[in-house]
>>> print(open('run.cif').read())   # mmCIF, C-alpha atoms and all ligand atoms
data_protein
loop_
_atom_site.label_atom_id
_atom_site.label_comp_id
_atom_site.auth_asym_id
_atom_site.auth_seq_id
_atom_site.Cartn_x
_atom_site.Cartn_y
_atom_site.Cartn_z
CA MET A 9 2.74 3.70 12.34
CA THR A 10 4.93 0.64 12.53
CA ARG A 11 8.11 0.07 10.60
CA PHE A 12 6.14 -2.19 8.24
CA THR A 13 3.29 0.24 7.48
CA ASP A 14 5.83 3.00 6.99
CA SER A 15 7.88 1.05 4.45
CA PHE A 16 4.73 -0.18 2.70
CA GLU A 17 3.51 3.38 2.23
CA LYS A 18 6.92 4.47 0.96
CA LYS A 19 6.88 1.71 -1.63
CA VAL A 20 3.45 2.79 -2.93
CA LYS A 21 4.52 6.43 -3.01
CA GLN A 22 7.69 5.56 -4.93
CA THR A 23 5.69 3.53 -7.46
CA ILE A 24 3.35 6.46 -8.09
CA GLU A 25 6.24 8.88 -8.51
CA LYS A 26 8.70 6.70 -10.41
CA TYR A 27 6.12 5.56 -12.97
CA ASP A 28 4.44 8.94 -13.11
CA LEU A 29 1.03 7.43 -12.36
CA ALA A 30 -0.85 10.66 -11.70
CA THR A 31 -0.53 14.31 -10.83
CA LYS A 32 -2.26 15.97 -7.90
CA LYS A 33 -4.39 18.00 -10.30
CA GLU A 34 -5.83 15.06 -12.17
CA LYS A 35 -9.13 13.57 -11.13
CA ILE A 36 -8.66 9.92 -10.22
CA ILE A 37 -11.56 7.50 -10.01
CA VAL A 38 -10.71 4.66 -7.65
CA ALA A 39 -12.34 1.32 -8.38
CA CYS A 40 -13.52 0.44 -4.93
CA SER A 41 -14.75 -3.14 -4.49
CA GLY A 42 -14.62 -2.92 -0.71
CA GLY A 43 -11.77 -5.47 -0.60
CA LYS A 44 -8.34 -5.01 0.98
CA ASP A 45 -6.51 -3.95 -2.19
CA SER A 46 -8.91 -1.29 -3.35
CA THR A 47 -9.39 0.02 0.19
CA THR A 48 -5.62 0.33 0.60
CA THR A 49 -5.37 2.10 -2.77
CA LEU A 50 -8.15 4.49 -1.82
CA TYR A 51 -6.73 5.24 1.61
CA LEU A 52 -3.20 5.91 0.35
CA LEU A 53 -4.16 8.06 -2.62
CA LYS A 54 -6.23 10.17 -0.24
CA LYS A 55 -3.41 10.29 2.31
CA PHE A 56 -0.91 11.40 -0.35
CA GLY A 57 -3.22 14.26 -1.34
CA TYR A 58 -4.57 13.10 -4.69
CA ASN A 59 -7.90 14.26 -6.09
CA ILE A 60 -10.04 11.14 -5.84
CA GLU A 61 -13.60 9.86 -6.04
CA ALA A 62 -14.59 6.22 -5.55
CA PHE A 63 -16.68 3.95 -7.71
CA HIS A 64 -18.28 0.68 -6.62
CA ILE A 65 -20.02 -1.94 -8.75
CA ASN A 66 -22.60 -3.92 -6.83
CA LEU A 67 -22.38 -7.41 -8.33
CA GLY A 68 -25.39 -8.76 -6.47
CA ILE A 69 -23.60 -11.81 -5.06
CA GLY A 70 -25.71 -12.31 -1.93
CA GLU A 71 -24.31 -11.45 1.48
CA TRP A 72 -20.78 -11.19 0.09
CA SER A 73 -21.75 -8.21 -2.11
CA LYS A 74 -23.84 -6.61 0.64
CA LYS A 75 -20.90 -6.71 3.03
CA ASN A 76 -18.48 -5.37 0.40
CA LEU A 77 -20.83 -2.50 -0.39
CA SER A 78 -21.25 -1.54 3.26
CA ASN A 79 -17.45 -1.74 3.75
CA ALA A 80 -16.90 0.52 0.73
CA GLN A 81 -19.47 2.97 2.09
CA SER A 82 -17.91 2.99 5.51
CA ILE A 83 -14.31 3.61 4.36
CA CYS A 84 -15.43 6.35 1.93
CA LYS A 85 -17.42 8.04 4.70
CA ARG A 86 -14.46 7.81 7.06
CA LEU A 87 -12.12 9.35 4.48
CA GLY A 88 -14.62 11.92 3.19
CA VAL A 89 -14.45 10.54 -0.35
CA MET A 90 -17.44 10.69 -2.66
CA LEU A 91 -18.67 7.21 -3.59
CA HIS A 92 -20.56 6.42 -6.80
CA ILE A 93 -22.42 3.11 -7.05
CA THR A 94 -23.67 1.13 -10.04
CA ASN A 95 -25.65 -2.10 -9.87
CA ILE A 96 -24.50 -4.64 -12.44
CA LYS A 97 -28.16 -5.67 -12.74
CA ASP A 98 -28.94 -2.30 -14.33
CA GLU A 99 -26.33 -3.04 -16.99
CA ILE A 100 -26.92 -6.71 -17.81
CA CYS A 101 -30.46 -7.21 -16.40
CA LYS A 102 -29.23 -9.88 -13.98
CA THR A 103 -27.07 -10.11 -10.91
CA ILE A 104 -23.95 -12.28 -11.23
CA THR A 105 -25.56 -14.94 -9.03
CA GLU A 106 -28.63 -15.04 -11.28
CA LEU A 107 -26.46 -15.96 -14.30
CA LYS A 108 -26.62 -19.65 -15.10
CA GLU A 109 -23.25 -20.00 -16.83
CA ASN A 110 -20.04 -18.15 -17.66
CA ARG A 111 -20.38 -16.12 -14.48
CA CYS A 112 -16.73 -15.19 -14.03
CA ARG A 113 -16.15 -14.29 -17.66
CA ILE A 114 -19.29 -12.15 -17.87
CA CYS A 115 -18.43 -10.53 -14.56
CA SER A 116 -14.86 -9.64 -15.45
CA ILE A 117 -15.65 -8.35 -18.96
CA ASN A 118 -18.54 -6.25 -17.67
CA LYS A 119 -16.61 -4.90 -14.71
CA ARG A 120 -13.86 -3.72 -17.01
CA TYR A 121 -16.36 -2.21 -19.42
CA ILE A 122 -18.40 -0.42 -16.74
CA LEU A 123 -15.31 0.85 -14.93
CA ASN A 124 -13.93 2.53 -18.04
CA LYS A 125 -17.27 3.96 -19.10
CA LYS A 126 -18.24 5.31 -15.69
CA ALA A 127 -14.78 6.63 -14.91
CA ARG A 128 -14.95 8.61 -18.14
CA GLU A 129 -18.50 9.83 -17.45
CA LEU A 130 -17.41 10.97 -13.99
CA GLY A 131 -14.67 13.04 -15.59
CA GLY A 132 -11.87 10.77 -14.40
CA GLU A 133 -8.49 11.31 -16.02
CA LYS A 134 -7.11 8.17 -14.38
CA LEU A 135 -8.72 5.00 -13.12
CA ALA A 136 -6.93 3.53 -10.11
CA ILE A 137 -7.28 -0.20 -9.53
CA GLY A 138 -6.01 -2.27 -6.63
CA HIS A 139 -3.98 -4.83 -8.61
CA ASN A 140 -1.04 -6.10 -6.61
CA LEU A 141 2.13 -7.96 -7.57
CA ASP A 142 0.45 -11.37 -7.20
CA ASP A 143 -2.39 -10.35 -9.55
CA GLU A 144 0.13 -9.15 -12.08
CA ALA A 145 2.26 -12.32 -11.92
CA GLU A 146 -0.91 -14.41 -12.34
CA SER A 147 -2.05 -12.39 -15.37
CA ILE A 148 1.34 -12.70 -17.04
CA MET A 149 1.44 -16.48 -16.52
CA MET A 150 -2.19 -16.92 -17.65
CA ASN A 151 -1.55 -15.09 -20.89
CA LEU A 152 1.71 -16.88 -21.49
CA LEU A 153 0.22 -20.33 -20.88
CA ARG A 154 -2.72 -19.56 -23.14
CA GLY A 155 -0.35 -18.59 -25.93
CA ASN A 156 -1.71 -15.09 -26.09
CA LEU A 157 0.89 -13.31 -28.18
CA GLU A 158 -0.31 -9.85 -27.30
CA PHE A 159 0.05 -10.87 -23.71
CA GLY A 160 0.44 -8.29 -21.13
CA LEU A 161 0.23 -5.23 -23.33
CA GLY A 162 -2.11 -3.80 -20.72
CA ALA A 163 0.33 -4.76 -18.00
CA GLY A 164 2.73 -2.54 -16.12
CA PRO A 165 2.02 0.03 -13.39
CA LYS A 166 -0.02 2.00 -15.90
CA THR A 167 -1.72 0.96 -19.09
CA GLY A 168 -1.90 3.01 -22.20
CA LEU A 169 -0.48 1.59 -25.37
CA ILE A 170 -3.37 3.18 -27.15
CA LYS A 171 -4.28 6.74 -26.35
CA ASP A 172 -7.90 7.53 -26.96
CA LYS A 173 -10.39 10.00 -25.55
CA LYS A 174 -12.75 7.17 -24.65
CA PHE A 175 -10.13 5.19 -22.76
CA VAL A 176 -9.35 6.17 -19.19
CA GLN A 177 -5.79 5.20 -18.33
CA ARG A 178 -5.59 2.59 -15.58
CA ILE A 179 -3.03 2.97 -12.85
CA LYS A 180 -1.89 0.40 -10.28
CA PRO A 181 -0.31 2.00 -7.22
CA LEU A 182 0.07 -1.42 -5.50
CA PHE A 183 1.97 -2.88 -8.46
CA PHE A 184 5.05 -3.79 -6.40
CA CYS A 185 3.21 -4.85 -3.22
CA THR A 186 2.57 -8.54 -2.71
CA ASN A 187 -0.75 -9.96 -1.64
CA LYS A 188 0.70 -10.83 1.75
CA GLU A 189 1.99 -7.29 2.28
CA THR A 190 -1.34 -5.72 1.33
CA ARG A 191 -3.18 -8.12 3.61
CA ARG A 192 -0.87 -7.25 6.49
CA TYR A 193 -1.12 -3.53 5.85
CA SER A 194 -4.90 -3.70 5.70
CA LYS A 195 -4.96 -5.68 8.94
CA GLU A 196 -2.60 -3.33 10.79
CA MET A 197 -4.62 -0.33 9.60
CA GLU A 198 -7.83 -2.07 10.76
CA PHE A 199 -9.63 -1.42 7.49
CA PRO A 200 -13.21 -2.72 7.35
CA VAL A 201 -12.67 -5.41 4.67
CA LEU A 202 -13.77 -8.93 3.85
CA LEU A 203 -10.85 -11.21 3.17
CA GLU A 204 -12.85 -14.04 1.61
CA PRO A 205 -12.74 -14.14 -2.19
CA CYS A 206 -15.88 -14.14 -4.31
CA PRO A 207 -17.83 -17.38 -3.61
CA HIS A 208 -18.09 -18.07 -7.36
CA SER A 209 -14.37 -17.89 -8.05
CA ALA A 210 -13.19 -21.22 -6.62
CA PHE A 211 -12.76 -23.05 -9.93
CA VAL A 212 -11.65 -20.32 -12.28
CA TYR A 213 -8.35 -20.60 -14.12
CA ARG A 214 -6.85 -17.68 -12.26
CA ARG A 215 -7.38 -19.44 -8.95
CA GLN A 216 -5.53 -22.51 -10.25
CA ILE A 217 -2.60 -20.38 -11.41
CA ARG A 218 -2.62 -18.63 -8.04
CA ASN A 219 -2.43 -21.91 -6.15
CA TRP A 220 0.36 -23.11 -8.43
CA LEU A 221 2.40 -19.91 -7.98
CA ASN A 222 1.85 -20.03 -4.22
CA LYS A 223 3.16 -23.58 -4.17
CA LEU A 224 6.26 -22.60 -6.17
CA GLU A 225 6.75 -19.63 -3.89
CA THR A 226 7.35 -21.90 -0.91
CA LYS A 227 10.53 -23.07 -2.70
CA ASP A 228 11.54 -19.72 -4.19
CA LYS A 229 10.17 -16.65 -2.46
CA ASN A 230 11.14 -14.34 -5.32
CA ILE A 231 9.28 -16.18 -8.03
CA LYS A 232 6.39 -13.72 -8.48
CA ARG A 233 8.67 -10.72 -8.34
CA ASN A 234 10.92 -12.34 -10.95
CA ILE A 235 8.01 -13.01 -13.31
CA VAL A 236 6.87 -9.39 -13.05
CA LYS A 237 10.43 -8.07 -13.44
CA TRP A 238 11.03 -10.22 -16.50
CA HIS A 239 7.82 -8.99 -18.04
CA LEU A 240 8.50 -5.33 -17.25
CA ASN A 241 11.84 -5.64 -19.07
CA LYS A 242 10.12 -7.20 -22.07
CA LEU A 243 7.28 -4.68 -22.15
CA PRO A 244 8.87 -1.86 -24.20
CA GLU A 245 9.88 -4.34 -26.91
CA LEU A 246 6.44 -5.93 -26.93
CA LYS A 247 4.71 -2.58 -27.15
CA LYS A 248 6.90 -1.49 -30.02
CA LYS A 249 6.26 -4.70 -31.90
CA HIS A 250 2.50 -4.55 -31.51
CA LYS A 251 2.01 -0.83 -31.85
CA LYS A 252 0.84 -0.94 -35.45
CA GLU A 253 -1.61 -3.76 -34.76
CA GLN A 254 -3.17 -1.90 -31.89
CA LYS A 255 -5.50 0.22 -33.96
CA LEU A 256 -8.46 1.23 -31.92
CA ARG A 257 -12.01 1.23 -33.17
CA TYR A 258 -15.36 1.89 -31.62
CA CYS A 259 -17.82 -0.91 -31.06
CA ARG A 260 -20.45 -1.06 -33.78
CA ILE A 261 -23.15 -1.65 -31.19
CA CYS A 262 -22.33 0.43 -28.12
CA GLY A 263 -19.66 2.85 -29.38
CA GLU A 264 -17.16 2.00 -26.65
CA PRO A 265 -13.48 1.54 -27.57
CA THR A 266 -12.40 -1.92 -28.72
CA ARG A 267 -9.78 -3.58 -30.91
CA ASN A 268 -12.45 -5.41 -32.86
CA ASP A 269 -15.61 -4.62 -34.75
CA ILE A 270 -17.76 -5.44 -31.72
CA CYS A 271 -16.52 -5.15 -28.13
CA LYS A 272 -16.22 -8.20 -25.88
CA ARG A 273 -19.12 -7.08 -23.72
CA CYS A 274 -21.52 -6.72 -26.65
CA GLU A 275 -20.28 -10.01 -28.12
CA LEU A 276 -21.41 -11.69 -24.90
CA LEU A 277 -24.85 -10.09 -25.12
CA ILE A 278 -25.56 -11.13 -28.71
ZN ZN B 301 -19.98 -2.79 -27.44
#
>>> encode(input="run.cif", output="structure tokens")
Amino acid sequence: MTRFTDSFEKKVKQTIEKYDLATKKEKIIVACSGGKDSTTTLYLLKKFGYNIEAFHINLGIGEWSKKNLSNAQSICKRLGVMLHITNIKDEICKTITELKENRCRICSINKRYILNKKARELGGEKLAIGHNLDDEAESIMMNLLRGNLEFGLGAGPKTGLIKDKKFVQRIKPLFFCTNKETRRYSKEMEFPVLLEPCPHSAFVYRRQIRNWLNKLETKDKNIKRNIVKWHLNKLPELKKKHKKEQKLRYCRICGEPTRNDICKRCELLI
């Protein structure tokens, strides 16, 4: 342990406790992509004594996916955590690479959909994801710049504006850890992880926002933290305001929870 890894772990522990992310009795499914954030989340939840199982979605993106899968398998084996695997091809009949257009949108909507569904089927009471502070700041800015008025209702260290038996609550233990901190922690802990992003993600909007925030950060190192702090303060008011509009329905086609008549995933398949 170094002073850095020690303080990093304390920060994650405090986030879990302060925001009441999970109890030791609850079964937590950890979304395990094989990347640095999810591996860190997995490792720390295990270290802190939570009841976890891991879940990996094989996206079928060539060597990049193969390496991520083998990394996920190796960390789960090392920690003695059960790993469940789903191939996205079994869900949408194609790998992400085989898609001709809209790859990133189809990928993100399906990942979200599969994660919730499988976490529920595996008896998960919580779904832990590796989102860090940078991811959160990017999401807030993306929604704001797109004029999405319901923006960020799913934000915060745990989601859950709508309580429903088909929705597994998502928790983000790395909520207050920056990308740089997670990268350093993962490096110091010698986790088997790929640091390269998905080869298809170079031109997506999120990447542009990320580059922009990183540029601003060189002038003001607190910028991401300030965006997230501002949003966290606004969140209770936003939730209150939108509570009535957040009626949940079940998708007419697949029966999964959605705010609309048909869920986003089925809309894409029509
Ligand atoms: Zn559906």
>>> closest_residue(input="run.cif", among="A:Asp269, A:Gly132, A:Val89, A:Gly70", to="Glu106 of chain A", atoms="all atoms listed in the file")
A:Gly70
>>> residues_around(input="run.cif", residues="Ile261 of chain A", least_positions_apart="6", cutoff="10 Å", atoms="only C-alpha atoms", output="tab-separated table (two decimals) with C-alpha atoms, keeping the file's coordinate frame")
chain	number	residue	atom	x	y	z
A	269	ASP	CA	-15.61	-4.62	-34.75
A	270	ILE	CA	-17.76	-5.44	-31.72
A	271	CYS	CA	-16.52	-5.15	-28.13
A	274	CYS	CA	-21.52	-6.72	-26.65
A	275	GLU	CA	-20.28	-10.01	-28.12
>>> atom_distance(input="run.cif", atom1="atom CA of Thr47 of chain A", atom2="atom CA of Ser73 of chain A")
15.0 Å
>>> residues_around(input="run.cif", residues="Glu71 of chain A", least_positions_apart="4", cutoff="12 Å", atoms="only C-alpha atoms", output="list in words")
Asn66, Leu67, Lys75, Asn76, Leu77, Ser78, Thr105, Leu202, Glu204, Cys206 and Pro207 of chain A
>>> residues_near_ligand(input="run.cif", ligand="ligand ZN 301 (chain B)", cutoff="12 Å", atoms="all atoms listed in the file", output="JSON, numbers by chain")
{"A": [117, 118, 121, 122, 125, 257, 258, 259, 260, 261, 262, 263, 264, 265, 266, 267, 268, 269, 270, 271, 272, 273, 274, 275, 276, 277, 278]}
>>> closest_residue(input="run.cif", among="A:Asn230, A:Lys126, A:Lys171, A:Gly131", to="Lys251 of chain A", atoms="all atoms listed in the file")
A:Lys171
>>> residues_around(input="run.cif", residues="segment 101-104 of chain A", least_positions_apart="3", cutoff="9 Å", atoms="only C-alpha atoms", output="number ranges by chain")
A: 66-69, 95-98, 107-108, 111-112, 114-115
>>> residues_near_point(input="run.cif", point="(-1.8, 6.0, -11.7)", cutoff="7 Å", atoms="only C-alpha atoms", output="list in words")
Ile24, Leu29, Ala30, Lys134, Ala136, Lys166, Arg178, Ile179, Lys180 and Pro181 of chain A
